[in-house]
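Novice: File query15.txt below, compact mmCIF, C-alpha atoms (C1' of nucleotides):
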```txt
# COMPACT_ATOMS: atom_id res chain seq x y z
CA MET Q 150 40.38 -16.59 87.61
CA PRO Q 151 42.91 -15.69 84.98
CA LYS Q 152 44.65 -12.40 84.86
CA ALA Q 153 42.32 -9.99 83.11
CA PHE Q 154 43.53 -8.71 79.79
CA SER Q 155 42.47 -5.25 80.87
CA ASP Q 156 45.68 -5.27 82.89
CA GLN Q 157 47.57 -4.97 79.66
CA GLY Q 158 46.67 -1.35 79.16
CA ALA Q 159 47.59 -0.50 82.73
CA ALA Q 160 50.97 -2.14 82.46
CA GLY Q 161 52.33 0.99 80.92
CA TRP Q 162 53.83 -0.91 78.04
CA ARG Q 163 52.96 0.69 74.77
CA ALA Q 164 54.50 0.71 71.34
CA ASP Q 165 53.82 4.05 69.77
CA ASN Q 166 54.31 2.65 66.35
CA ALA Q 167 52.55 -0.67 66.85
CA ALA Q 168 49.39 0.22 64.97
CA THR Q 169 48.87 1.54 61.51
CA LYS Q 170 48.01 5.07 60.58
CA GLY Q 171 45.72 4.08 57.74
CA PRO Q 172 42.30 2.54 57.94
CA ARG Q 173 41.88 -0.24 60.45
CA LEU Q 174 39.54 -3.12 60.52
CA ASP Q 175 37.71 -4.30 63.60
CA LEU Q 176 37.77 -8.06 63.32
CA PHE Q 177 34.70 -8.25 65.53
CA ARG Q 178 32.65 -6.28 63.07
CA PHE Q 179 33.99 -8.12 60.07
CA VAL Q 180 31.30 -10.45 58.79
CA PRO Q 181 33.53 -13.21 57.40
CA PHE Q 182 35.30 -13.56 60.74
CA ARG Q 183 32.03 -13.47 62.64
CA LEU Q 184 30.54 -16.17 60.44
CA ASN Q 185 33.56 -18.39 60.88
CA ARG Q 186 33.63 -18.01 64.60
CA LEU Q 187 29.88 -18.44 64.93
CA ALA Q 188 29.84 -21.55 62.75
CA THR Q 189 32.65 -23.08 64.78
CA GLU Q 190 30.89 -22.29 68.03
CA VAL Q 191 27.51 -23.56 66.89
CA SER Q 192 29.07 -26.76 65.58
CA ALA Q 193 30.79 -27.25 68.91
CA ALA Q 194 27.49 -26.76 70.69
CA LEU Q 195 25.84 -29.41 68.52
CA SER Q 196 28.69 -31.88 68.52
CA GLY Q 197 27.64 -33.07 71.94
CA GLU Q 198 24.54 -34.51 70.31
CA TYR Q 199 25.79 -36.27 67.23
CA GLN Q 200 29.48 -36.63 68.03
CA GLU Q 201 29.71 -37.60 71.67
CA ARG Q 202 26.36 -39.30 71.89
CA TYR Q 203 26.25 -41.13 68.58
CA GLY Q 204 29.85 -41.11 67.40
CA LEU Q 205 29.03 -39.27 64.20
CA ASP Q 206 31.24 -36.59 62.71
CA ILE Q 207 29.93 -33.77 60.56
CA PRO Q 208 30.29 -35.48 57.17
CA GLU Q 209 28.58 -38.60 58.49
CA TRP Q 210 25.77 -36.53 59.89
CA ARG Q 211 25.39 -34.80 56.52
CA VAL Q 212 25.06 -38.12 54.76
CA LEU Q 213 22.36 -39.29 57.15
CA ALA Q 214 20.59 -35.94 56.98
CA THR Q 215 20.46 -36.06 53.20
CA LEU Q 216 19.32 -39.66 53.09
CA GLY Q 217 16.74 -39.06 55.79
CA PHE Q 218 15.15 -36.11 54.11
CA ARG Q 219 14.77 -37.62 50.67
CA ASP Q 220 12.29 -40.32 49.84
CA ASP Q 221 14.44 -42.05 47.28
CA ALA Q 222 17.94 -43.33 47.62
CA CYS Q 223 20.67 -41.20 46.09
CA SER Q 224 24.30 -41.35 45.07
CA ALA Q 225 27.31 -40.23 47.05
CA GLN Q 226 27.95 -37.65 44.39
CA TYR Q 227 24.54 -36.14 44.90
CA ILE Q 228 25.20 -35.80 48.62
CA ALA Q 229 28.57 -34.26 47.93
CA HIS Q 230 27.09 -31.68 45.58
CA CYS Q 231 24.15 -30.56 47.60
CA THR Q 232 25.97 -30.42 50.93
CA ARG Q 233 29.00 -28.82 49.29
CA THR Q 234 31.29 -31.42 50.77
CA HIS Q 235 34.20 -32.93 48.87
CA LYS Q 236 33.44 -36.30 47.33
CA SER Q 237 36.38 -37.95 49.06
CA THR Q 238 35.05 -36.78 52.40
CA ILE Q 239 31.62 -38.18 51.59
CA SER Q 240 33.20 -41.41 50.40
CA ARG Q 241 34.93 -41.88 53.74
CA ALA Q 242 31.82 -40.98 55.66
CA VAL Q 243 29.79 -43.55 53.69
CA THR Q 244 32.43 -46.21 54.33
CA ALA Q 245 32.30 -45.51 58.05
CA LEU Q 246 28.50 -45.59 58.08
CA MET Q 247 28.44 -48.87 56.18
CA THR Q 248 30.90 -50.38 58.63
CA ARG Q 249 28.52 -49.44 61.41
CA GLN Q 250 25.63 -50.77 59.33
CA LEU Q 251 23.80 -47.48 59.46
CA VAL Q 252 23.81 -47.15 55.69
CA GLU Q 253 23.75 -49.68 52.87
CA ARG Q 254 24.31 -49.34 49.19
CA VAL Q 255 23.06 -51.17 46.17
CA GLU Q 256 24.37 -51.20 42.65
CA ASN Q 257 22.59 -49.03 40.17
CA GLU Q 258 21.72 -51.21 37.20
CA ASP Q 259 21.43 -48.16 34.95
CA ASP Q 260 24.91 -46.90 35.76
CA ARG Q 261 27.32 -49.29 37.35
CA ARG Q 262 29.76 -46.55 38.31
CA GLU Q 263 27.51 -45.28 41.00
CA PHE Q 264 25.75 -46.79 44.01
CA ARG Q 265 22.37 -45.96 45.47
CA LEU Q 266 22.64 -45.21 49.15
CA ARG Q 267 20.00 -45.61 51.79
CA MET Q 268 19.76 -45.92 55.51
CA THR Q 269 19.34 -49.29 57.13
CA ARG Q 270 16.69 -49.88 59.76
CA LYS Q 271 19.36 -49.23 62.35
CA GLY Q 272 20.37 -46.02 60.61
CA LYS Q 273 16.78 -44.83 60.49
CA ALA Q 274 16.35 -45.53 64.17
CA LEU Q 275 19.41 -43.46 64.96
CA TYR Q 276 18.23 -40.70 62.64
CA GLU Q 277 14.82 -40.50 64.26
CA GLU Q 278 16.36 -40.39 67.68
CA LEU Q 279 18.83 -37.72 66.67
CA ILE Q 280 16.58 -35.28 64.82
CA PRO Q 281 14.52 -34.04 67.78
CA ARG Q 282 17.69 -33.52 69.78
CA LEU Q 283 19.26 -31.43 67.05
CA ARG Q 284 16.11 -29.42 66.57
CA ARG Q 285 16.04 -28.70 70.27
CA LYS Q 286 19.64 -27.56 70.20
CA GLU Q 287 18.99 -25.33 67.23
CA GLN Q 288 16.02 -23.76 69.01
CA GLU Q 289 18.17 -23.28 72.09
CA ILE Q 290 20.70 -21.37 70.05
CA LEU Q 291 18.02 -19.28 68.39
CA SER Q 292 16.11 -18.71 71.60
CA CYS Q 293 17.79 -15.34 72.03
CA LEU Q 294 15.93 -14.10 68.95
CA SER Q 295 12.34 -12.97 68.57
CA ALA Q 296 10.12 -14.66 66.03
CA GLN Q 297 10.55 -11.71 63.72
CA GLU Q 298 14.32 -11.77 64.10
CA ARG Q 299 14.41 -15.45 63.23
CA LYS Q 300 12.45 -14.78 60.08
CA ASP Q 301 14.74 -11.91 59.18
CA PHE Q 302 17.75 -14.05 59.85
CA ALA Q 303 16.51 -16.91 57.67
CA LEU Q 304 15.67 -14.46 54.92
CA VAL Q 305 19.05 -12.80 55.01
CA LEU Q 306 20.89 -16.11 55.08
CA GLY Q 307 18.87 -17.15 52.06
CA LYS Q 308 19.78 -14.01 50.17
CA ILE Q 309 23.46 -14.39 50.82
CA GLU Q 310 23.36 -18.06 49.94
CA LYS Q 311 21.59 -17.26 46.73
CA SER Q 312 24.03 -14.55 45.75
CA LEU Q 313 26.90 -16.96 46.39
CA GLY Q 314 25.27 -19.58 44.20
CA LEU Q 315 24.42 -21.98 47.01
CA VAL Q 316 21.31 -24.09 46.68
CA GLN Q 317 18.37 -22.95 48.68
CA THR Q 318 16.53 -26.17 49.37
CA SER Q 319 16.95 -29.75 48.34
CA ARG Q 320 13.63 -29.55 46.47
CA ASP Q 321 15.04 -26.77 44.33
CA ALA Q 322 18.02 -28.94 43.60
CA ASP Q 323 15.71 -31.77 42.65
CA LYS Q 324 13.74 -29.64 40.28
CA THR Q 325 16.46 -27.71 38.59
CA GLY Q 326 19.50 -29.90 38.96
CA ALA Q 327 21.36 -26.76 39.91
CA TYR Q 328 24.07 -27.07 42.53
CA MET Z 193 27.09 -29.89 31.41
CA PRO Z 194 26.77 -32.66 33.94
CA LYS Z 195 23.85 -34.98 34.10
CA ALA Z 196 21.17 -33.17 36.06
CA PHE Z 197 20.26 -34.72 39.36
CA SER Z 198 16.64 -34.18 38.48
CA ASP Z 199 17.06 -37.29 36.35
CA GLN Z 200 17.21 -39.34 39.48
CA GLY Z 201 13.54 -39.10 40.21
CA ALA Z 202 12.69 -40.04 36.66
CA ALA Z 203 14.90 -43.10 36.70
CA GLY Z 204 12.13 -45.05 38.31
CA TRP Z 205 14.38 -46.31 41.04
CA ARG Z 206 12.78 -45.82 44.39
CA ALA Z 207 13.19 -47.44 47.73
CA ASP Z 208 9.86 -47.34 49.48
CA ASN Z 209 11.52 -47.76 52.81
CA ALA Z 210 14.44 -45.46 52.23
CA ALA Z 211 13.13 -42.57 54.26
CA THR Z 212 11.86 -42.37 57.77
CA LYS Z 213 8.26 -42.14 58.84
CA GLY Z 214 8.96 -39.84 61.74
CA PRO Z 215 9.89 -36.18 61.62
CA ARG Z 216 12.45 -35.22 59.06
CA LEU Z 217 14.88 -32.40 58.98
CA ASP Z 218 15.60 -30.29 55.96
CA LEU Z 219 19.32 -29.71 56.09
CA PHE Z 220 18.89 -26.59 54.00
CA ARG Z 221 16.71 -24.96 56.61
CA PHE Z 222 18.88 -26.09 59.48
CA VAL Z 223 20.75 -23.08 60.79
CA PRO Z 224 23.92 -24.85 61.99
CA PHE Z 225 24.42 -26.42 58.57
CA ARG Z 226 23.70 -23.16 56.82
CA LEU Z 227 26.17 -21.28 58.97
CA ASN Z 228 28.86 -23.87 58.35
CA ARG Z 229 28.35 -23.85 54.62
CA LEU Z 230 28.13 -20.09 54.45
CA ALA Z 231 31.26 -19.58 56.53
CA THR Z 232 33.16 -22.02 54.32
CA GLU Z 233 31.96 -20.32 51.18
CA VAL Z 234 32.67 -16.81 52.41
CA SER Z 235 36.15 -17.83 53.54
CA ALA Z 236 36.79 -19.33 50.14
CA ALA Z 237 35.65 -16.11 48.50
CA LEU Z 238 38.07 -14.10 50.64
CA SER Z 239 41.01 -16.47 50.43
CA GLY Z 240 41.85 -15.13 47.01
CA GLU Z 241 42.80 -11.88 48.71
CA TYR Z 242 44.87 -12.92 51.69
CA GLN Z 243 45.84 -16.45 50.72
CA GLU Z 244 46.68 -16.38 47.03
CA ARG Z 245 47.76 -12.78 46.90
CA TYR Z 246 49.69 -12.46 50.13
CA GLY Z 247 50.33 -16.04 51.17
CA LEU Z 248 48.51 -15.67 54.48
CA ASP Z 249 46.31 -18.37 55.95
CA ILE Z 250 43.41 -17.64 58.25
CA PRO Z 251 45.29 -17.83 61.58
CA GLU Z 252 48.01 -15.56 60.22
CA TRP Z 253 45.40 -13.09 59.01
CA ARG Z 254 43.79 -13.14 62.44
CA VAL Z 255 47.08 -12.29 64.10
CA LEU Z 256 47.66 -9.35 61.78
CA ALA Z 257 44.08 -8.19 62.15
CA THR Z 258 44.33 -8.20 65.92
CA LEU Z 259 47.68 -6.42 65.96
CA GLY Z 260 46.51 -3.90 63.39
CA PHE Z 261 43.41 -2.91 65.25
CA ARG Z 262 44.98 -2.37 68.64
CA ASP Z 263 47.24 0.52 69.49
CA ASP Z 264 49.41 -1.39 71.90
CA ALA Z 265 51.26 -4.62 71.35
CA CYS Z 266 49.71 -7.73 72.84
CA SER Z 267 50.54 -11.30 73.70
CA ALA Z 268 49.88 -14.39 71.63
CA GLN Z 269 47.54 -15.58 74.35
CA TYR Z 270 45.46 -12.46 74.03
CA ILE Z 271 45.07 -13.03 70.30
CA ALA Z 272 44.16 -16.65 70.91
CA HIS Z 273 41.48 -15.71 73.41
CA CYS Z 274 39.79 -12.94 71.55
CA THR Z 275 39.82 -14.63 68.17
CA ARG Z 276 38.84 -17.95 69.73
CA THR Z 277 41.73 -19.71 68.06
CA HIS Z 278 43.79 -22.40 69.77
CA LYS Z 279 47.04 -21.12 71.23
CA SER Z 280 49.10 -23.67 69.31
CA THR Z 281 47.58 -22.44 66.07
CA ILE Z 282 48.40 -18.85 66.99
CA SER Z 283 51.91 -19.89 67.99
CA ARG Z 284 52.55 -21.40 64.57
CA ALA Z 285 51.03 -18.42 62.82
CA VAL Z 286 53.28 -16.05 64.77
CA THR Z 287 56.34 -18.16 63.93
CA ALA Z 288 55.48 -18.01 60.24
CA LEU Z 289 54.88 -14.26 60.38
CA MET Z 290 58.18 -13.70 62.17
CA THR Z 291 60.01 -15.76 59.57
CA ARG Z 292 58.55 -13.49 56.90
CA GLN Z 293 59.45 -10.49 59.06
CA LEU Z 294 55.89 -9.26 59.14
CA VAL Z 295 55.72 -9.44 62.92
CA GLU Z 296 58.30 -9.04 65.65
CA ARG Z 297 58.22 -9.76 69.34
CA VAL Z 298 59.91 -8.31 72.35
CA GLU Z 299 60.32 -9.70 75.82
CA ASN Z 300 57.96 -8.45 78.45
CA GLU Z 301 60.07 -7.34 81.39
CA ASP Z 302 57.13 -7.68 83.75
CA ASP Z 303 56.45 -11.29 82.81
CA ARG Z 304 59.15 -13.19 81.03
CA ARG Z 305 56.86 -16.02 80.04
CA GLU Z 306 55.09 -13.92 77.48
CA PHE Z 307 56.16 -11.81 74.51
CA ARG Z 308 54.71 -8.59 73.23
CA LEU Z 309 53.88 -8.85 69.56
CA ARG Z 310 53.69 -6.09 67.01
CA MET Z 311 53.81 -5.68 63.29
CA THR Z 312 57.00 -4.62 61.58
CA ARG Z 313 57.00 -1.84 59.05
CA LYS Z 314 56.72 -4.48 56.36
CA GLY Z 315 53.80 -6.09 58.17
CA LYS Z 316 52.02 -2.77 58.48
CA ALA Z 317 52.49 -2.10 54.79
CA LEU Z 318 50.94 -5.46 53.95
CA TYR Z 319 48.12 -4.85 56.41
CA GLU Z 320 47.28 -1.48 54.95
CA GLU Z 321 47.28 -2.89 51.48
CA LEU Z 322 45.12 -5.81 52.49
CA ILE Z 323 42.42 -4.08 54.51
CA PRO Z 324 40.72 -2.17 51.66
CA ARG Z 325 40.67 -5.33 49.57
CA LEU Z 326 38.99 -7.32 52.29
CA ARG Z 327 36.50 -4.57 53.00
CA ARG Z 328 35.63 -4.49 49.32
CA LYS Z 329 35.12 -8.25 49.27
CA GLU Z 330 32.93 -8.09 52.34
CA GLN Z 331 30.83 -5.38 50.76
CA GLU Z 332 30.56 -7.46 47.61
CA ILE Z 333 29.21 -10.37 49.61
CA LEU Z 334 26.76 -8.14 51.45
CA SER Z 335 25.74 -6.25 48.33
CA CYS Z 336 22.71 -8.48 47.97
CA LEU Z 337 21.28 -6.96 51.16
CA SER Z 338 19.60 -3.64 51.71
CA ALA Z 339 20.97 -1.24 54.28
CA GLN Z 340 18.25 -2.26 56.68
CA GLU Z 341 18.94 -5.94 56.15
CA ARG Z 342 22.60 -5.44 56.87
CA LYS Z 343 21.75 -3.73 60.12
CA ASP Z 344 19.34 -6.50 61.03
CA PHE Z 345 21.94 -9.09 60.17
CA ALA Z 346 24.62 -7.46 62.29
CA LEU Z 347 22.19 -7.13 65.15
CA VAL Z 348 21.12 -10.75 64.99
CA LEU Z 349 24.69 -11.99 64.73
CA GLY Z 350 25.50 -9.92 67.78
CA LYS Z 351 22.64 -11.41 69.76
CA ILE Z 352 23.62 -14.96 68.94
CA GLU Z 353 27.26 -14.25 69.69
CA LYS Z 354 26.30 -12.74 73.00
CA SER Z 355 24.10 -15.64 73.97
CA LEU Z 356 26.93 -18.04 73.14
CA GLY Z 357 29.31 -16.06 75.30
CA LEU Z 358 31.41 -14.69 72.44
CA VAL Z 359 32.92 -11.27 72.83
CA GLN Z 360 31.20 -8.52 70.94
CA THR Z 361 34.01 -6.13 70.21
CA SER Z 362 37.66 -5.97 71.09
CA ARG Z 363 36.97 -2.80 73.08
CA ASP Z 364 34.56 -4.74 75.27
CA ALA Z 365 37.27 -7.30 75.82
CA ASP Z 366 39.69 -4.56 76.74
CA LYS Z 367 37.37 -3.05 79.27
CA THR Z 368 36.02 -6.11 80.95
CA GLY Z 369 38.70 -8.70 80.40
CA ALA Z 370 35.91 -11.05 79.44
CA TYR Z 371 36.60 -13.52 76.67
C1' DC D 260 32.58 -50.03 16.39
C1' DT D 261 36.20 -47.30 18.23
C1' DA D 262 38.35 -43.73 20.60
C1' DA D 263 38.31 -39.60 23.36
C1' DG D 264 36.46 -37.38 27.04
C1' DA D 265 33.42 -37.12 31.13
C1' DT D 266 31.84 -38.99 35.51
C1' DA D 267 31.46 -42.08 40.10
C1' DG D 268 33.96 -43.54 43.59
C1' DT D 269 38.49 -44.80 46.14
C1' DC D 270 42.81 -43.91 48.01
C1' DG D 271 47.57 -41.96 48.92
C1' DC D 272 49.54 -37.73 50.17
C1' DA D 273 50.08 -33.30 52.21
C1' DT D 274 48.31 -29.86 55.13
C1' DC D 275 45.92 -28.03 58.90
C1' DT D 276 44.69 -27.92 63.54
C1' DG D 277 43.27 -29.49 68.18
C1' DC D 278 45.08 -32.03 72.10
C1' DA D 279 48.27 -32.83 75.46
C1' DA D 280 52.80 -32.97 77.25
C1' DC D 281 56.68 -30.22 78.20
C1' DT D 282 59.72 -26.14 79.71
C1' DA D 283 60.08 -21.85 81.76
C1' DT D 284 58.14 -18.55 84.59
C1' DC D 285 54.99 -16.45 87.79
C1' DT D 286 51.87 -16.50 92.00
C1' DA D 287 50.25 -17.78 96.32
C1' DA D 288 50.18 -20.20 100.43
C1' DA D 289 52.45 -22.73 104.18
C1' DT S 187 61.92 -19.58 101.71
C1' DT S 188 59.87 -23.43 99.79
C1' DT S 189 56.52 -25.69 97.30
C1' DA S 190 52.29 -26.44 94.76
C1' DG S 191 49.57 -24.79 91.28
C1' DA S 192 48.63 -21.66 87.39
C1' DT S 193 49.95 -19.54 83.01
C1' DA S 194 52.71 -18.41 78.30
C1' DG S 195 54.39 -20.49 74.64
C1' DT S 196 56.34 -24.59 71.84
C1' DT S 197 56.16 -28.98 69.81
C1' DG S 198 55.08 -34.03 68.76
C1' DC S 199 51.26 -36.60 67.51
C1' DA S 200 46.94 -37.94 65.61
C1' DG S 201 42.64 -37.11 63.28
C1' DA S 202 40.21 -34.73 59.65
C1' DT S 203 39.92 -33.16 55.03
C1' DG S 204 41.04 -31.19 50.37
C1' DC S 205 43.64 -32.32 46.20
C1' DG S 206 44.89 -35.13 42.64
C1' DA S 207 45.79 -39.56 40.60
C1' DC S 208 43.76 -43.81 39.58
C1' DT S 209 40.26 -47.49 37.99
C1' DA S 210 35.98 -48.57 36.15
C1' DT S 211 32.22 -47.17 33.59
C1' DC S 212 29.41 -44.32 30.65
C1' DT S 213 28.66 -41.05 26.66
C1' DT S 214 29.45 -39.00 22.43
C1' DA S 215 31.68 -38.01 18.13
C1' DG S 216 33.65 -39.86 14.11
```
Would you encode the structure as C-alpha cells?

Specialist:
Amino acid sequence: MPKAFSDQGAAGWRADNAATKGPRLDLFRFVPFRLNRLATEVSAALSGEYQERYGLDIPEWRVLATLGFRDDACSAQYIAHCTRTHKSTISRAVTALMTRQLVERVENEDDRREFRLRMTRKGKALYEELIPRLRRKEQEILSCLSAQERKDFALVLGKIEKSLGLVQTSRDADKTGAY
Amino acid sequence: MPKAFSDQGAAGWRADNAATKGPRLDLFRFVPFRLNRLATEVSAALSGEYQERYGLDIPEWRVLATLGFRDDACSAQYIAHCTRTHKSTISRAVTALMTRQLVERVENEDDRREFRLRMTRKGKALYEELIPRLRRKEQEILSCLSAQERKDFALVLGKIEKSLGLVQTSRDADKTGAY
DNA sequence: CTAAGATAGTCGCATCTGCAACTATCTAAA
DNA sequence: TTTAGATAGTTGCAGATGCGACTATCTTAG
C-alpha cells in the first residue's frame, strides 16, 4: 500500500503563500475536467473489448460503427464529418481495415475523387460479435444510475451537444446534411 | 456551402449487403462515444483561453489548477494521482512551467526523492487571471441547461465517477488518501 | 471551353503522451 | 548493517493524431 497522501498535511510542511488569495477553482467540480477524465476512463474501460480483443483502435471502431449502422455505403469524408474525426485519421483507419480485409471500397462512378466504403463479410462478422459486448460494457458503466437518471443524462448530453453544434443522430445528419 | 450528405441517399447507389442483419448500434446514442466527442469539443472550446491566450496546454493547466486550489505545496506524484495524468506528462508540464517561472520547487527534507511544488508570484497572477475566464466559459457551455438540469448533471457525473473509482473532490482525496 | 476554386483522399511532419527503463532515495526485513 | 523491494522523478522511444501540402477530380463562372 502506498504512502497515503493524507500524510502530506501532517508532515508539517506548509507554504503560507502557496495558494492564491483570489477565487479558486476546484478542478473536481469543473465540468470540462470531469468530462475529459470521464471520457478517458470510459474509453479505457471499453478498450479491453475492441482494442485488446479485436485489435481495433478508436478511429477504426468509429469507421465500423458508422458503416454498420447505415444501410448504404458511404465515403470516408462522411465518416470524418459525422464522427468529428480528422479526415487523415479516418484515412489511416480505413487503410488499416482494408489491410485486414474488414472493409472494402469501390470507386464511385459519379465522383471519382471519392470511394464508397462498406464492410466485408468478415468485417460484418466482427461487428456483430463486437456490438453486444460494447452494449454490455456501456450498461455496466451506467448501472450505477436509475432509469430516470439515465434518461436525464441522455437528455442533458443531447442539449449540450446541440448547443455546441454537434449532430444529434446520424438520421438527422442524413436528412439535413448538417454536421 | 459543401455538398450536403443528404445527396448520398438520392444518388441511387446502394449496397444491399452493406449493413448487418443483426443488432446495430447507433454511435450517436452510445454514451462512450458521446462522452469522447463532448470532452474533445469542450476542451477545444476552452483551449482558446488557456492555450492561445496563455500558452498553457492541458497538463500544464492541471498542474496550476491543483496547486492553486490547495493551500499547501504538493508533489508531482500527488498531482499525477489526483488528476489521473501520467507522471511523465506531469513531469514535463512542471519542467515547462518552471522554465517560464510560473512554478518553483523546493526539496523536501523529509524525503529527498520528491519535491514540493508551488506557484510563483507570476504563476499566481496568471492563475487568478485565468480562473474567471474559465469559469465564464464553463458557464457558457452549461447555459443551455436549467438550474435543475445542471444539478442533475453534476449528480450523475459524480455517480459515474464514483462507480469507476475516480475521486470525487480533492478534499476527499486529502482525507482518505484514496485516489 | 477554359480557368479558378472547392472537395476527396493521402502522406510527411511535428507534437503529444503513455510505456518502460533508469537513477536516486526511502523502507523494511533478515 | 545489509539487502531487496518500493517509490519519486526524468528521459528515450514509439505510437497516435492533427495540420498542412499535395494530387486528382469536380464545379462554376466567364

Novice: Kindly assemble as CSV a list of the chain D residues that lie within 10 Å of chain Q, each paired with its nearest atom pair and their distance in Å to one decimal, using only C-alpha atoms (C1' of nucleotides), sorted first by chain and then by ascending residue number.

Specialist:
```
residue,atom,partner,partner_atom,distance
D:DT266,C1',Q:Arg262,CA,8.3
D:DA267,C1',Q:Arg262,CA,5.1
D:DG268,C1',Q:Glu263,CA,7.2
D:DT269,C1',Q:Ser240,CA,7.6
D:DC270,C1',Q:Ser237,CA,8.8
```

Novice: Any chance you could export the current selection's C-alpha atoms (C1' of nucleotides) as a compact mmCIF listing (two decimals), in the frame of the given file?

Specialist:
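Output (out17.txt):
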```
# COMPACT_ATOMS: atom_id res chain seq x y z
C1' DT D 266 31.84 -38.99 35.51
C1' DA D 267 31.46 -42.08 40.10
C1' DG D 268 33.96 -43.54 43.59
C1' DT D 269 38.49 -44.80 46.14
C1' DC D 270 42.81 -43.91 48.01
```

Novice: Using all atoms listed in the file and a cut-off of 9 Å, which residues of chain S sit close to chain Z? Please list them as a ChimeraX atom specification.

Specialist: /S:193-197

Novice: Tell me, counting all atoms listed in the file, for each residue of chain S within 12 Å of range 206-214 of chain Q, which pair of atoms is nearest and how far apart they are in Å to one decimal, in rows ordered by chain and increasing number, as a Markdown table.

Specialist:
```
| residue | atom | partner | partner_atom | distance |
| --- | --- | --- | --- | --- |
| S:DG201 | C1' | Q:Asp206 | CA | 11.4 |
| S:DA202 | C1' | Q:Asp206 | CA | 9.7 |
| S:DT203 | C1' | Q:Pro208 | CA | 10.1 |
```

Novice: I'd like the interatomic distance between CA of Phe179 in chain Q and CA of Leu283 in chain Q, to a tenth of an Å.

Specialist: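 Taking CA of Phe179 in chain Q as the start and CA of Leu283 in chain Q as the end point, the length is 28.4 Å.
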
Novice: So how far away is CA of Arg216 in chain Z from CA of Gly217 in chain Q, in Å?

Specialist: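 Separation of CA of Gly217 in chain Q and CA of Arg216 in chain Z: 6.6 Å.
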
Novice: Which distance in Å separates CA of Asp344 in chain Z and CA of Ser192 in chain Q, to one decimal?

Specialist: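 Between CA of Asp344 in chain Z and CA of Ser192 in chain Q the gap is 22.9 Å.
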
Novice: Hey, what's within 9 Å of Leu356 in chain Z if we count all atoms listed in the file and toss same-chain stuff fewer than 6 positions away? As an MDAnalysis selection string, please?

Specialist: chainID Q and resid 187 190:191 290

Novice: Check the smallest atom-to-atom distance from each of Q:Asp220, Q:Asp259, Q:Leu195, Q:Arg186 to DT211 in chain S using only C-alpha atoms (C1' of nucleotides), then report the winner.

Specialist: Q:Asp259

Novice: Please provide as a VMD selection string all residues within 12 Å of DT213 in chain S, with the sequence filter that same-chain residues fewer than 2 positions apart are discarded (counting only C-alpha atoms (C1' of nucleotides)).

Specialist: (chain Q and resid 260) or (chain Z and resid 194 to 195) or (chain D and resid 262 to 266) or (chain S and resid 211 215)

Novice: Identify the residues within 12 Å of coordinate (16.0, -12.0, 67.1) (same frame as the file), considering all atoms listed in the file, and give the answer as a list in words.

Specialist: Gln288, Ile290, Leu291, Ser292, Cys293, Leu294, Ser295, Ala296, Gln297, Glu298, Arg299, Lys300, Asp301, Phe302 and Ala303 of chain Q; Asp344, Phe345, Ala346, Leu347, Val348, Leu349, Gly350, Lys351, Ile352, Glu353, Lys354 and Ser355 of chain Z

Novice: Would you save the residues from that selection as a compact mmCIF listing (two decimals), in the coordinates of the input, using C-alpha atoms?

Specialist:
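And here is the file that came out, part_15.txt:
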```txt
# COMPACT_ATOMS: atom_id res chain seq x y z
CA GLN Q 288 16.02 -23.76 69.01
CA ILE Q 290 20.70 -21.37 70.05
CA LEU Q 291 18.02 -19.28 68.39
CA SER Q 292 16.11 -18.71 71.60
CA CYS Q 293 17.79 -15.34 72.03
CA LEU Q 294 15.93 -14.10 68.95
CA SER Q 295 12.34 -12.97 68.57
CA ALA Q 296 10.12 -14.66 66.03
CA GLN Q 297 10.55 -11.71 63.72
CA GLU Q 298 14.32 -11.77 64.10
CA ARG Q 299 14.41 -15.45 63.23
CA LYS Q 300 12.45 -14.78 60.08
CA ASP Q 301 14.74 -11.91 59.18
CA PHE Q 302 17.75 -14.05 59.85
CA ALA Q 303 16.51 -16.91 57.67
CA ASP Z 344 19.34 -6.50 61.03
CA PHE Z 345 21.94 -9.09 60.17
CA ALA Z 346 24.62 -7.46 62.29
CA LEU Z 347 22.19 -7.13 65.15
CA VAL Z 348 21.12 -10.75 64.99
CA LEU Z 349 24.69 -11.99 64.73
CA GLY Z 350 25.50 -9.92 67.78
CA LYS Z 351 22.64 -11.41 69.76
CA ILE Z 352 23.62 -14.96 68.94
CA GLU Z 353 27.26 -14.25 69.69
CA LYS Z 354 26.30 -12.74 73.00
CA SER Z 355 24.10 -15.64 73.97
```

Novice: Identify which of the residues Z:Arg325, Z:Arg276, Z:Arg245, Z:Arg297 lies closest to chain Q, counting all atoms listed in the file when measuring atom-to-atom distances.

Specialist: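 Among the listed residues, the smallest separation from chain Q belongs to Z:Arg276.
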
Novice: So, counting all atoms listed in the file, which residue among Z:Val295, Z:Leu322, Z:Met311, Z:Ile271 is closest to chain Q?

Specialist: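 Ranked by minimum distance to chain Q, first place goes to Z:Met311.
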
Novice: So, counting all atoms listed in the file, which residue among Z:Gly247, Z:Gly214, Z:Gly357, Z:Gly315 is closest to chain Q?

Specialist: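 That would be Z:Gly214, the residue with the smallest distance to chain Q.
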
Novice: Restricting the calculation to all atoms listed in the file: of Q:Tyr203, Q:Asp221, Q:Ala193, Q:Thr248, which residue gets closest to chain Z?

Specialist: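 Counting all atoms listed in the file, the residue closest to chain Z is Q:Asp221.
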
Novice: Using only C-alpha atoms, which of the listed residues (Q:Ala229, Q:Leu251, Q:Ala242, Q:Cys223) sits closest to chain Z?

Specialist: Q:Cys223
